[in-house]
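Next comes structure_19.tsv, with TSV, C-alpha atoms and all ligand atoms.
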chain	number	residue	atom	x	y	z
W	224	MET	CA	108.91	-3.41	-66.77
W	225	LYS	CA	106.09	-2.21	-68.98
W	226	TYR	CA	106.78	-1.45	-72.63
W	227	ALA	CA	104.76	-0.01	-75.50
W	228	VAL	CA	105.72	0.36	-79.13
W	229	VAL	CA	103.84	3.21	-80.79
W	230	THR	CA	103.96	4.12	-84.50
W	231	GLY	CA	103.65	7.74	-85.65
W	232	THR	CA	105.05	9.46	-82.53
W	233	SER	CA	106.60	12.50	-84.27
W	234	LYS	CA	103.35	14.49	-83.89
W	235	GLY	CA	99.57	14.31	-83.53
W	236	LEU	CA	97.80	11.53	-81.67
W	237	GLY	CA	100.86	9.25	-81.57
W	238	ALA	CA	102.95	11.91	-79.78
W	239	SER	CA	100.21	12.33	-77.17
W	240	ILE	CA	99.82	8.57	-76.66
W	241	ALA	CA	103.59	8.23	-76.13
W	242	LYS	CA	103.70	11.15	-73.67
W	243	LEU	CA	100.83	9.82	-71.54
W	244	LEU	CA	102.33	6.33	-71.46
W	245	LEU	CA	105.70	7.76	-70.36
W	246	GLU	CA	103.91	9.71	-67.62
W	247	ALA	CA	102.42	6.41	-66.45
W	248	SER	CA	105.91	4.80	-66.18
W	249	VAL	CA	105.58	2.79	-69.39
W	250	ASN	CA	108.77	2.68	-71.49
W	251	VAL	CA	107.93	3.72	-75.04
W	252	ILE	CA	109.55	2.83	-78.33
W	253	GLY	CA	108.32	5.34	-80.90
W	254	LEU	CA	108.56	5.24	-84.68
W	255	ALA	CA	108.14	7.81	-87.46
W	256	ARG	CA	110.12	9.34	-90.31
W	257	GLY	CA	110.58	12.48	-88.23
W	258	GLU	CA	111.93	12.76	-84.71
W	259	ASN	CA	110.30	14.03	-81.53
W	260	GLN	CA	112.81	16.01	-79.49
W	261	GLU	CA	110.22	16.79	-76.82
W	262	LEU	CA	109.70	13.10	-76.06
W	263	GLU	CA	113.40	12.28	-76.36
W	264	ASN	CA	114.35	15.03	-73.86
W	265	ALA	CA	111.37	14.61	-71.54
W	266	ASP	CA	112.03	13.98	-67.86
W	267	LEU	CA	109.23	11.48	-67.27
W	268	PRO	CA	109.00	8.19	-65.32
W	269	GLY	CA	109.09	6.06	-68.51
W	270	LYS	CA	112.02	5.98	-70.95
W	271	TYR	CA	111.61	6.94	-74.63
W	272	LYS	CA	113.56	5.41	-77.52
W	273	HIS	CA	112.97	6.52	-81.11
W	274	TYR	CA	113.42	4.62	-84.38
W	275	GLN	CA	113.31	6.64	-87.60
W	276	VAL	CA	111.58	4.65	-90.33
W	277	ASP	CA	109.50	5.12	-93.45
W	278	LEU	CA	106.60	2.72	-92.99
W	279	ALA	CA	105.84	2.99	-96.72
W	280	ASP	CA	109.06	1.03	-97.30
W	281	MET	CA	108.43	-2.59	-96.36
W	282	GLU	CA	112.08	-3.62	-96.27
W	283	GLN	CA	112.86	-0.75	-93.85
W	284	THR	CA	109.77	-1.58	-91.80
W	285	GLU	CA	110.71	-5.25	-91.40
W	286	LYS	CA	114.36	-4.46	-90.58
W	287	THR	CA	113.36	-1.83	-88.01
W	288	PHE	CA	110.92	-4.16	-86.25
W	289	GLU	CA	113.51	-6.96	-86.28
W	290	ASN	CA	115.90	-4.53	-84.53
W	291	ILE	CA	113.19	-3.54	-82.04
W	292	ILE	CA	112.44	-7.20	-81.34
W	293	SER	CA	116.09	-8.05	-80.73
W	294	PHE	CA	116.41	-5.03	-78.39
W	295	MET	CA	113.20	-6.00	-76.57
W	296	LYS	CA	114.32	-9.63	-76.15
W	297	LYS	CA	117.07	-8.33	-73.84
W	298	GLN	CA	114.63	-6.40	-71.62
W	299	PRO	CA	112.77	-7.65	-68.55
W	300	ILE	CA	109.23	-7.48	-69.95
W	301	GLU	CA	106.20	-7.45	-67.69
W	302	SER	CA	103.81	-6.24	-70.39
W	303	LEU	CA	104.22	-5.41	-74.07
W	304	GLN	CA	101.74	-3.35	-76.05
W	305	LEU	CA	101.81	-2.27	-79.68
W	306	VAL	CA	99.84	0.76	-80.89
W	307	GLN	CA	99.66	1.04	-84.69
W	308	ASN	CA	98.69	4.68	-85.11
W	309	ALA	CA	100.74	5.99	-88.08
W	310	ALA	CA	98.63	6.70	-91.16
W	311	LEU	CA	98.06	9.05	-94.08
W	312	VAL	CA	94.79	10.49	-95.35
W	313	THR	CA	96.35	11.56	-98.67
W	314	PRO	CA	96.04	11.16	-101.62
W	315	ILE	CA	92.60	12.82	-101.49
W	316	GLU	CA	91.41	12.64	-105.10
W	317	GLN	CA	88.63	11.15	-107.21
W	318	VAL	CA	89.28	7.75	-108.77
W	319	GLY	CA	90.49	8.21	-112.32
W	320	LYS	CA	92.85	10.99	-111.26
W	321	GLN	CA	94.88	9.09	-108.66
W	322	ASP	CA	98.65	8.74	-108.83
W	323	ALA	CA	99.71	5.08	-108.57
W	324	ALA	CA	102.91	5.80	-106.60
W	325	LYS	CA	100.99	7.84	-104.01
W	326	LEU	CA	98.36	5.11	-103.74
W	327	THR	CA	101.08	2.51	-103.20
W	328	ALA	CA	102.68	4.52	-100.37
W	329	HIS	CA	99.25	5.08	-98.81
W	330	VAL	CA	98.34	1.38	-98.81
W	331	HIS	CA	101.79	0.47	-97.48
W	332	VAL	CA	101.61	2.84	-94.49
W	333	ASN	CA	97.94	2.37	-93.59
W	334	LEU	CA	97.42	-1.32	-94.26
W	335	LEU	CA	100.40	-3.37	-95.40
W	336	SER	CA	102.74	-2.13	-92.67
W	337	PRO	CA	100.32	-3.04	-89.81
W	338	MET	CA	99.87	-6.47	-91.45
W	339	VAL	CA	103.60	-7.11	-91.85
W	340	VAL	CA	104.36	-5.82	-88.35
W	341	THR	CA	101.57	-7.82	-86.66
W	342	ASN	CA	102.82	-10.95	-88.41
W	343	LEU	CA	106.40	-10.37	-87.21
W	344	TRP	CA	105.20	-9.43	-83.73
W	345	LEU	CA	103.00	-12.49	-83.11
W	346	ASN	CA	105.74	-14.76	-84.39
W	347	ALA	CA	108.48	-13.11	-82.29
W	348	TRP	CA	106.58	-13.41	-78.99
W	349	ARG	CA	104.90	-16.80	-79.58
W	350	ASP	CA	106.67	-18.59	-76.72
W	351	SER	CA	106.82	-15.71	-74.25
W	352	ASP	CA	105.27	-15.87	-70.78
W	353	PHE	CA	103.20	-12.67	-71.24
W	354	SER	CA	100.22	-11.91	-73.49
W	355	LEU	CA	100.34	-9.20	-76.11
W	356	VAL	CA	98.03	-6.24	-76.62
W	357	ILE	CA	97.77	-4.66	-80.07
W	358	ALA	CA	95.69	-1.51	-80.63
W	359	ASN	CA	95.11	-0.46	-84.25
W	360	VAL	CA	93.94	3.11	-84.80
W	361	THR	CA	91.04	3.25	-87.24
W	362	SER	CA	88.59	5.91	-88.45
W	363	GLY	CA	84.87	6.37	-88.97
W	364	ALA	CA	85.85	6.53	-92.67
W	365	ALA	CA	86.15	2.73	-92.58
W	366	ASN	CA	82.37	2.52	-92.42
W	367	ARG	CA	81.21	5.25	-94.79
W	368	SER	CA	82.12	6.23	-98.35
W	369	VAL	CA	83.42	9.78	-98.63
W	370	TYR	CA	84.00	11.47	-102.02
W	371	GLY	CA	87.78	11.68	-102.54
W	372	TRP	CA	88.66	9.38	-99.66
W	373	ASN	CA	88.65	6.21	-101.76
W	374	ALA	CA	92.16	5.30	-100.57
W	375	TYR	CA	91.68	6.22	-96.90
W	376	GLY	CA	88.25	4.57	-96.52
W	377	SER	CA	89.55	1.40	-98.18
W	378	THR	CA	92.70	1.05	-96.09
W	379	LYS	CA	90.88	1.77	-92.80
W	380	ALA	CA	88.11	-0.74	-93.74
W	381	GLY	CA	90.87	-3.23	-94.57
W	382	LEU	CA	92.56	-2.56	-91.23
W	383	ASP	CA	89.26	-3.17	-89.42
W	384	ARG	CA	88.70	-6.53	-91.16
W	385	TYR	CA	92.33	-7.51	-90.62
W	386	THR	CA	92.18	-6.66	-86.90
W	387	ASN	CA	88.96	-8.61	-86.43
W	388	THR	CA	90.43	-11.60	-88.25
W	389	VAL	CA	93.57	-11.60	-86.12
W	390	ALA	CA	91.33	-11.40	-83.03
W	391	VAL	CA	89.34	-14.45	-84.20
W	392	GLU	CA	92.56	-16.42	-84.77
W	393	GLN	CA	94.05	-15.47	-81.39
W	394	GLU	CA	90.79	-16.44	-79.66
W	395	LYS	CA	90.72	-19.87	-81.33
W	396	LEU	CA	94.41	-20.40	-80.59
W	397	GLN	CA	93.79	-19.40	-76.94
W	398	THR	CA	96.94	-17.27	-76.87
W	399	GLY	CA	95.51	-14.70	-74.47
W	400	ASN	CA	96.67	-12.00	-76.90
W	401	LYS	CA	94.22	-9.13	-77.40
W	402	VAL	CA	93.90	-7.15	-80.62
W	403	PHE	CA	91.46	-4.25	-80.82
W	404	LEU	CA	90.46	-1.14	-82.78
W	405	PHE	CA	90.49	2.42	-81.49
W	406	ASP	CA	88.48	5.10	-83.31
W	407	PRO	CA	89.72	8.57	-82.20
W	408	SER	CA	87.06	10.57	-84.10
W	409	ILE	CA	88.06	14.08	-85.32
W	410	MET	CA	91.16	15.71	-83.78
W	411	ASP	CA	93.09	18.93	-84.30
W	412	THR	CA	96.17	17.58	-86.10
W	413	ASP	CA	98.16	18.02	-89.32
W	414	MET	CA	95.97	15.33	-90.87
W	415	GLN	CA	92.94	17.63	-90.48
W	416	ARG	CA	94.96	20.52	-91.91
W	417	GLU	CA	95.68	18.40	-95.00
W	418	ILE	CA	91.97	17.57	-95.30
W	419	ARG	CA	91.03	21.27	-95.12
W	420	SER	CA	93.61	22.13	-97.79
W	421	ALA	CA	92.06	19.78	-100.38
W	422	ASP	CA	90.49	21.37	-103.43
W	423	PRO	CA	86.66	20.97	-103.57
W	424	SER	CA	87.11	19.11	-106.88
W	425	GLN	CA	89.11	16.49	-104.95
W	426	PHE	CA	87.02	16.56	-101.78
W	427	ILE	CA	83.50	17.92	-102.03
W	428	ASP	CA	82.93	17.95	-98.24
W	429	VAL	CA	85.89	20.29	-97.61
W	430	ASP	CA	83.71	23.10	-96.20
W	431	GLN	CA	82.24	20.76	-93.59
W	432	PHE	CA	85.78	20.04	-92.35
W	433	LYS	CA	86.72	23.74	-92.40
W	434	ASN	CA	83.68	24.31	-90.19
W	435	TYR	CA	84.82	21.61	-87.73
W	436	LYS	CA	87.92	23.75	-87.16
W	437	THR	CA	86.20	27.14	-86.94
W	438	GLU	CA	83.45	25.73	-84.72
W	439	ASN	CA	86.02	24.11	-82.40
W	440	LYS	CA	84.71	20.60	-83.02
W	441	LEU	CA	88.16	19.01	-83.29
W	442	ARG	CA	89.34	17.39	-80.06
W	443	GLU	CA	92.83	17.95	-78.68
W	444	THR	CA	95.05	14.89	-79.09
W	445	ASP	CA	95.91	14.75	-75.37
W	446	VAL	CA	92.20	14.36	-74.55
W	447	VAL	CA	91.73	11.58	-77.11
W	448	ALA	CA	95.00	9.84	-76.21
W	449	LYS	CA	93.93	9.72	-72.55
W	450	VAL	CA	90.92	7.59	-73.49
W	451	LEU	CA	93.13	5.04	-75.22
W	452	VAL	CA	95.90	5.15	-72.62
W	453	ASP	CA	93.44	4.69	-69.74
W	454	ARG	CA	92.28	1.53	-71.50
W	455	LEU	CA	95.82	0.31	-72.18
W	456	LEU	CA	96.78	0.82	-68.54
W	457	ASP	CA	93.77	-1.29	-67.47
W	458	GLU	CA	94.80	-4.28	-69.59
W	459	GLU	CA	92.28	-6.62	-67.93
W	460	SER	CA	89.41	-4.47	-69.21
W	461	ILE	CA	90.40	-4.84	-72.88
W	462	GLN	CA	88.24	-7.22	-74.88
W	463	ASN	CA	89.91	-9.08	-77.73
W	464	GLY	CA	88.38	-7.90	-81.04
W	465	GLU	CA	86.57	-4.92	-79.57
W	466	TYR	CA	85.83	-1.66	-81.41
W	467	TYR	CA	86.60	1.06	-78.94
W	468	SER	CA	85.43	4.54	-79.93
W	469	VAL	CA	86.24	7.84	-78.27
W	470	LYS	CA	82.69	8.99	-79.10
W	471	ASP	CA	81.25	6.35	-76.75
W	472	ILE	CA	83.41	7.62	-73.87
W	473	LEU	CA	83.53	11.41	-74.40
W	474	LYS	CA	80.03	12.63	-75.19
B	501	LIG	N1	93.02	13.59	-87.16
B	501	LIG	C1	91.81	13.07	-87.24
B	501	LIG	O1	90.80	13.80	-87.22
B	501	LIG	C2	91.63	11.57	-87.32
B	501	LIG	C3	90.33	11.08	-87.40
B	501	LIG	C4	90.13	9.69	-87.43
B	501	LIG	C5	91.22	8.85	-87.38
B	501	LIG	N2	92.48	9.36	-87.32
B	501	LIG	C6	93.60	8.41	-87.25
B	501	LIG	O2	94.40	8.73	-86.12
B	501	LIG	C7	95.77	8.35	-86.37
B	501	LIG	C8	96.69	9.52	-86.07
B	501	LIG	O3	96.34	10.59	-86.94
B	501	LIG	P1	96.86	12.08	-86.70
B	501	LIG	O4	95.71	12.95	-86.97
B	501	LIG	O5	97.62	12.16	-85.42
B	501	LIG	O6	97.88	12.21	-87.95
B	501	LIG	P2	99.15	13.15	-88.16
B	501	LIG	O7	99.13	14.32	-87.25
B	501	LIG	O8	99.21	13.37	-89.64
B	501	LIG	O9	100.35	12.20	-87.70
B	501	LIG	C9	100.60	11.01	-88.40
B	501	LIG	C10	101.78	10.27	-87.78
B	501	LIG	O10	102.03	9.13	-88.63
B	501	LIG	C11	103.40	9.17	-89.04
B	501	LIG	N3	103.59	8.68	-90.40
B	501	LIG	C12	102.91	9.07	-91.51
B	501	LIG	N4	103.47	8.51	-92.60
B	501	LIG	C13	104.52	7.75	-92.15
B	501	LIG	C14	105.50	6.96	-92.79
B	501	LIG	N5	105.54	6.83	-94.12
B	501	LIG	N6	106.41	6.33	-92.03
B	501	LIG	C15	106.41	6.49	-90.69
B	501	LIG	N7	105.51	7.22	-90.02
B	501	LIG	C16	104.59	7.86	-90.75
B	501	LIG	C17	103.79	10.65	-88.99
B	501	LIG	O11	105.19	10.79	-88.81
B	501	LIG	P3	106.22	11.33	-89.93
B	501	LIG	O12	105.47	12.22	-90.84
B	501	LIG	O13	107.25	12.03	-89.10
B	501	LIG	O14	106.73	10.11	-90.59
B	501	LIG	C18	103.04	11.12	-87.75
B	501	LIG	O15	103.79	10.85	-86.59
B	501	LIG	C19	95.80	7.86	-87.82
B	501	LIG	O16	95.70	6.46	-87.85
B	501	LIG	C20	94.55	8.49	-88.42
B	501	LIG	O17	94.08	7.76	-89.54
B	501	LIG	C21	92.71	10.70	-87.29
Show this structure as structure tokens.
Amino acid sequence: MKYAVVTGTSKGLGASIAKLLLEASVNVIGLARGENQELENADLPGKYKHYQVDLADMEQTEKTFENIISFMKKQPIESLQLVQNAALVTPIEQVGKQDAAKLTAHVHVNLLSPMVVTNLWLNAWRDSDFSLVIANVTSGAANRSVYGWNAYGSTKAGLDRYTNTVAVEQEKLQTGNKVFLFDPSIMDTDMQREIRSADPSQFIDVDQFKNYKTENKLRETDVVAKVLVDRLLDEESIQNGEYYSVKDILK
């Protein structure tokens, strides 16, 4: 059977990715602090199982993934994919006015948790007879400096470097595992709502993002998720270490 573990499935892009995978008969294990009743009650070909976890808490994160791994070890696995999608854009604030506790939670969710989870994951499946696929969801903010997004730009840039480094290691080790980046571009989600609600003193480009909404420039998550899921379902076509952007597919 085909399995995918997807982080951040309570809403937004992660919920759409999970739904489309379930529709394609992939069994999905979803994670978030919140639940997703729609996915849990859905009558779709794949089965959905939810784990509630705060990915800012490393102890909880490790324990939850250890539980997922022991559950998965009992399943007949034909393919196993991991999509690390959960992230925060906040705190949006100029440096010098940041709150250390909020910065810590941000770095934990966006960067440390994918690092800790990837480490556990590669170790857990080292001697298995299938290859792994790991997709890490990034942002254009990894490659440009945006006033007020010092935390977000840094963690996404860190995630990009981390993903590329893991890809280099897996290539050299000839594991057959593939690790890649997916850039979803701008989507109509709660994350964009949080961006629009920032004060101009915290985020000077706020009007540009308000315009994205009023001018209908934000893509629906189902449309974006389909691009990633189409790729995941065609595992052969995935290149280890690739940067896969929705903007190159949907013009
Ligand atoms: N929206 C955009 O325009 C845009 C643009 C570029 C890149 N991206 C990237 O796309 C991905 C999805 O973004 P989105 O717009 O769908 O965001 P979203 O609507 O804010 O959803 C974020 C998801 O991450 C989960 N999450 C956040 N903090 C968590 C925590 N501490 N523990 C566990 N789960 C947590 C949330 O679940 P809970 O709150 O229930 O925990 C939720 O399911 C992110 O990686 C984001 O950086 C988004």
Identify, on the basis of all atoms listed in the file, every residue whose closest approach to region 347-352 of chain W does not exceed 10 Å; exclude the query and any residue fewer than 2 positions from it along the same chain; express the result as an MDAnalysis selection string.
-> chainID W and resid 289 292:293 296 300:303 341:345 354:355 398 400
Which residue gives the smallest distance to Gln425 (chain W) among W:Pro268, W:Gly363, W:Gly253, W:Gly371, with all atoms listed in the file counted?
->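 Checking each of W:Pro268, W:Gly363, W:Gly253, W:Gly371 against Gln425 (chain W), counting all atoms listed in the file, the winner is W:Gly371.
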8 Å contact set for Gly269 (chain W), only C-alpha atoms, chain neighbours under 5 positions out, as a PDB file with C-alpha atoms, keeping the file's coordinate frame:
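Resulting contents of result.pdb:
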ATOM      1  CA  LEU W 244     102.330   6.330 -71.460  1.00  0.00           C
ATOM      2  CA  LEU W 245     105.700   7.760 -70.360  1.00  0.00           C
ATOM      3  CA  GLU W 246     103.910   9.710 -67.620  1.00  0.00           C
ATOM      4  CA  ALA W 247     102.420   6.410 -66.450  1.00  0.00           C
ATOM      5  CA  SER W 248     105.910   4.800 -66.180  1.00  0.00           C
ATOM      6  CA  VAL W 249     105.580   2.790 -69.390  1.00  0.00           C
ATOM      7  CA  ASN W 250     108.770   2.680 -71.490  1.00  0.00           C
ATOM      8  CA  VAL W 251     107.930   3.720 -75.040  1.00  0.00           C
TER       9      VAL W 251
END
If you measure from CA of Gln275 (chain W) to CA of Glu258 (chain W), what distance in Å do you get, rounded to one decimal?
->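 So the answer is 6.9 Å.
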Once you count only C-alpha atoms and all ligand atoms, what closest atom pair and distance in Å to one decimal does each residue of chain W within 8 Å of ligand LIG 501 (chain B) have, with rows by chain and rising residue number, as CSV?
residue,atom,partner,partner_atom,distance
W:Thr230,CA,B:LIG501,N7,6.5
W:Gly231,CA,B:LIG501,O15,3.3
W:Thr232,CA,B:LIG501,O15,4.5
W:Ser233,CA,B:LIG501,O15,4.0
W:Lys234,CA,B:LIG501,O15,4.6
W:Gly235,CA,B:LIG501,O5,3.5
W:Leu236,CA,B:LIG501,O5,3.8
W:Gly237,CA,B:LIG501,O5,5.8
W:Ala238,CA,B:LIG501,O15,6.9
W:Leu254,CA,B:LIG501,N7,6.5
W:Ala255,CA,B:LIG501,N7,3.7
W:Arg256,CA,B:LIG501,O14,3.5
W:Gly257,CA,B:LIG501,O13,3.5
W:Glu258,CA,B:LIG501,O13,6.5
W:Gln275,CA,B:LIG501,C15,7.6
W:Val276,CA,B:LIG501,C15,5.5
W:Asp277,CA,B:LIG501,N6,3.6
W:Leu278,CA,B:LIG501,N6,3.7
W:Ala279,CA,B:LIG501,N5,4.6
W:Asp280,CA,B:LIG501,N5,7.5
W:Gln307,CA,B:LIG501,O16,7.4
W:Asn308,CA,B:LIG501,O16,4.4
W:Ala309,CA,B:LIG501,O10,3.4
W:Ala310,CA,B:LIG501,O16,4.4
W:Leu311,CA,B:LIG501,C12,5.5
W:Val312,CA,B:LIG501,O17,6.5
W:Ala328,CA,B:LIG501,N5,7.3
W:Val332,CA,B:LIG501,N5,5.6
W:Asn333,CA,B:LIG501,O16,7.4
W:Asn359,CA,B:LIG501,O16,7.8
W:Val360,CA,B:LIG501,O16,4.9
W:Thr361,CA,B:LIG501,C5,5.6
W:Ser362,CA,B:LIG501,C5,4.1
W:Gly363,CA,B:LIG501,C4,6.4
W:Ala364,CA,B:LIG501,C4,7.5
W:Tyr375,CA,B:LIG501,O17,7.9
W:Lys379,CA,B:LIG501,O17,7.5
W:Asp406,CA,B:LIG501,C5,6.2
W:Pro407,CA,B:LIG501,C4,5.4
W:Ser408,CA,B:LIG501,C4,4.6
W:Ile409,CA,B:LIG501,O1,3.3
W:Met410,CA,B:LIG501,O1,4.0
W:Asp411,CA,B:LIG501,N1,6.1
W:Thr412,CA,B:LIG501,O7,4.6
W:Asp413,CA,B:LIG501,O7,4.3
W:Met414,CA,B:LIG501,O8,4.0
W:Gln415,CA,B:LIG501,N1,5.2
W:Leu441,CA,B:LIG501,O1,7.0
W:Thr444,CA,B:LIG501,O5,7.4
Would you put the residues from that selection into a file with C-alpha atoms, as a CSV table (one decimal), in the coordinates of the input?
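This is the output file out.csv:
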chain,number,residue,atom,x,y,z
W,230,THR,CA,104.0,4.1,-84.5
W,231,GLY,CA,103.6,7.7,-85.6
W,232,THR,CA,105.0,9.5,-82.5
W,233,SER,CA,106.6,12.5,-84.3
W,234,LYS,CA,103.4,14.5,-83.9
W,235,GLY,CA,99.6,14.3,-83.5
W,236,LEU,CA,97.8,11.5,-81.7
W,237,GLY,CA,100.9,9.2,-81.6
W,238,ALA,CA,103.0,11.9,-79.8
W,254,LEU,CA,108.6,5.2,-84.7
W,255,ALA,CA,108.1,7.8,-87.5
W,256,ARG,CA,110.1,9.3,-90.3
W,257,GLY,CA,110.6,12.5,-88.2
W,258,GLU,CA,111.9,12.8,-84.7
W,275,GLN,CA,113.3,6.6,-87.6
W,276,VAL,CA,111.6,4.6,-90.3
W,277,ASP,CA,109.5,5.1,-93.4
W,278,LEU,CA,106.6,2.7,-93.0
W,279,ALA,CA,105.8,3.0,-96.7
W,280,ASP,CA,109.1,1.0,-97.3
W,307,GLN,CA,99.7,1.0,-84.7
W,308,ASN,CA,98.7,4.7,-85.1
W,309,ALA,CA,100.7,6.0,-88.1
W,310,ALA,CA,98.6,6.7,-91.2
W,311,LEU,CA,98.1,9.0,-94.1
W,312,VAL,CA,94.8,10.5,-95.4
W,328,ALA,CA,102.7,4.5,-100.4
W,332,VAL,CA,101.6,2.8,-94.5
W,333,ASN,CA,97.9,2.4,-93.6
W,359,ASN,CA,95.1,-0.5,-84.2
W,360,VAL,CA,93.9,3.1,-84.8
W,361,THR,CA,91.0,3.2,-87.2
W,362,SER,CA,88.6,5.9,-88.4
W,363,GLY,CA,84.9,6.4,-89.0
W,364,ALA,CA,85.8,6.5,-92.7
W,375,TYR,CA,91.7,6.2,-96.9
W,379,LYS,CA,90.9,1.8,-92.8
W,406,ASP,CA,88.5,5.1,-83.3
W,407,PRO,CA,89.7,8.6,-82.2
W,408,SER,CA,87.1,10.6,-84.1
W,409,ILE,CA,88.1,14.1,-85.3
W,410,MET,CA,91.2,15.7,-83.8
W,411,ASP,CA,93.1,18.9,-84.3
W,412,THR,CA,96.2,17.6,-86.1
W,413,ASP,CA,98.2,18.0,-89.3
W,414,MET,CA,96.0,15.3,-90.9
W,415,GLN,CA,92.9,17.6,-90.5
W,441,LEU,CA,88.2,19.0,-83.3
W,444,THR,CA,95.0,14.9,-79.1
Residue nearest Gln304 (chain W) - candidates W:Val369, W:Met338, W:Val229, W:Leu382, atoms counted: all atoms listed in the file |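 Of the candidates, the smallest distance to Gln304 (chain W) is held by W:Val229.
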Best match for closeness to Leu456 (chain W) among W:Leu334, W:Asn346, W:Ala265, W:Val356, counting all atoms listed in the file | W:Val356
Kindly give the distance, in Å, that separates CA of Lys270 (chain W) and CA of Phe403 (chain W), rounded to a single decimal.
-> 25.0 Å
In Å, how far is it from CA of Leu305 (chain W) to CA of Leu326 (chain W)?
->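 So the answer is 25.4 Å.
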Which of these residues is nearest to Ile315 (chain W), using only C-alpha atoms: W:Phe432, W:Phe294, W:Tyr370, W:Phe288?
->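 For Ile315 (chain W), the nearest of the given residues is W:Tyr370.
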Between W:Val339, W:Asp422, W:Phe405, W:Ala448, which has the minimum distance to Lys242 (chain W) (counting all atoms listed in the file)?
->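 Using all atoms listed in the file, the shortest distance to Lys242 (chain W) belongs to W:Ala448.
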What's the 9 Å shell around Thr313 (chain W), counting only C-alpha atoms, without same-chain residues fewer than 3 positions away, as a PDB file with C-alpha atoms, in the frame of the given file?
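Just written: out-v4.pdb:
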ATOM      1  CA  GLU W 316      91.410  12.640-105.100  1.00  0.00           C
ATOM      2  CA  LYS W 325     100.990   7.840-104.010  1.00  0.00           C
ATOM      3  CA  LEU W 326      98.360   5.110-103.740  1.00  0.00           C
ATOM      4  CA  HIS W 329      99.250   5.080 -98.810  1.00  0.00           C
ATOM      5  CA  TRP W 372      88.660   9.380 -99.660  1.00  0.00           C
ATOM      6  CA  ALA W 374      92.160   5.300-100.570  1.00  0.00           C
ATOM      7  CA  TYR W 375      91.680   6.220 -96.900  1.00  0.00           C
ATOM      8  CA  MET W 414      95.970  15.330 -90.870  1.00  0.00           C
ATOM      9  CA  GLU W 417      95.680  18.400 -95.000  1.00  0.00           C
ATOM     10  CA  ILE W 418      91.970  17.570 -95.300  1.00  0.00           C
TER      11      ILE W 418
END
Give me the residues within 6 Å of Arg419 (chain W) as a PyMOL selection string, counting all atoms listed in the file and dropping any in the same chain fewer than 3 places off.
-> chain W and resi 416+429+433
Go through W:Val469, W:Ile240, W:Val318, W:Ala323 and flag the residue nearest Asn373 (chain W), using only C-alpha atoms for the distances.
->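 Nearest to Asn373 (chain W): W:Val318.
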If I only have part of region 438-447 of chain W, can you fill in N, CA, C and O atoms and write it as a PDB file, keeping the file's coordinate frame?
ATOM      1  N   GLU W 438      84.436  25.918 -85.794  1.00  0.00           N
ATOM      2  CA  GLU W 438      83.450  25.730 -84.720  1.00  0.00           C
ATOM      3  C   GLU W 438      84.037  24.966 -83.525  1.00  0.00           C
ATOM      4  O   GLU W 438      83.282  24.495 -82.656  1.00  0.00           O
ATOM      5  N   ASN W 439      85.351  24.783 -83.528  1.00  0.00           N
ATOM      6  CA  ASN W 439      86.020  24.110 -82.400  1.00  0.00           C
ATOM      7  C   ASN W 439      85.533  22.701 -82.131  1.00  0.00           C
ATOM      8  O   ASN W 439      85.452  22.275 -80.976  1.00  0.00           O
ATOM      9  N   LYS W 440      85.232  21.960 -83.188  1.00  0.00           N
ATOM     10  CA  LYS W 440      84.710  20.600 -83.020  1.00  0.00           C
ATOM     11  C   LYS W 440      85.814  19.539 -82.994  1.00  0.00           C
ATOM     12  O   LYS W 440      85.547  18.364 -82.756  1.00  0.00           O
ATOM     13  N   LEU W 441      87.057  19.982 -83.261  1.00  0.00           N
ATOM     14  CA  LEU W 441      88.160  19.010 -83.290  1.00  0.00           C
ATOM     15  C   LEU W 441      88.719  18.845 -81.881  1.00  0.00           C
ATOM     16  O   LEU W 441      89.068  19.828 -81.239  1.00  0.00           O
ATOM     17  N   ARG W 442      88.810  17.605 -81.422  1.00  0.00           N
ATOM     18  CA  ARG W 442      89.340  17.390 -80.060  1.00  0.00           C
ATOM     19  C   ARG W 442      90.858  17.520 -80.046  1.00  0.00           C
ATOM     20  O   ARG W 442      91.536  17.245 -81.033  1.00  0.00           O
ATOM     21  N   GLU W 443      91.378  17.910 -78.889  1.00  0.00           N
ATOM     22  CA  GLU W 443      92.830  17.950 -78.680  1.00  0.00           C
ATOM     23  C   GLU W 443      93.341  16.510 -78.568  1.00  0.00           C
ATOM     24  O   GLU W 443      92.662  15.655 -77.969  1.00  0.00           O
ATOM     25  N   THR W 444      94.538  16.267 -79.092  1.00  0.00           N
ATOM     26  CA  THR W 444      95.050  14.890 -79.090  1.00  0.00           C
ATOM     27  C   THR W 444      95.302  14.354 -77.681  1.00  0.00           C
ATOM     28  O   THR W 444      95.154  13.159 -77.444  1.00  0.00           O
ATOM     29  N   ASP W 445      95.674  15.231 -76.739  1.00  0.00           N
ATOM     30  CA  ASP W 445      95.910  14.750 -75.370  1.00  0.00           C
ATOM     31  C   ASP W 445      94.631  14.177 -74.757  1.00  0.00           C
ATOM     32  O   ASP W 445      94.669  13.194 -74.004  1.00  0.00           O
ATOM     33  N   VAL W 446      93.501  14.808 -75.089  1.00  0.00           N
ATOM     34  CA  VAL W 446      92.200  14.360 -74.550  1.00  0.00           C
ATOM     35  C   VAL W 446      91.842  12.993 -75.126  1.00  0.00           C
ATOM     36  O   VAL W 446      91.415  12.083 -74.411  1.00  0.00           O
ATOM     37  N   VAL W 447      92.063  12.848 -76.422  1.00  0.00           N
ATOM     38  CA  VAL W 447      91.730  11.580 -77.110  1.00  0.00           C
ATOM     39  C   VAL W 447      92.702  10.475 -76.657  1.00  0.00           C
ATOM     40  O   VAL W 447      92.293   9.349 -76.370  1.00  0.00           O
TER      41      VAL W 447
END
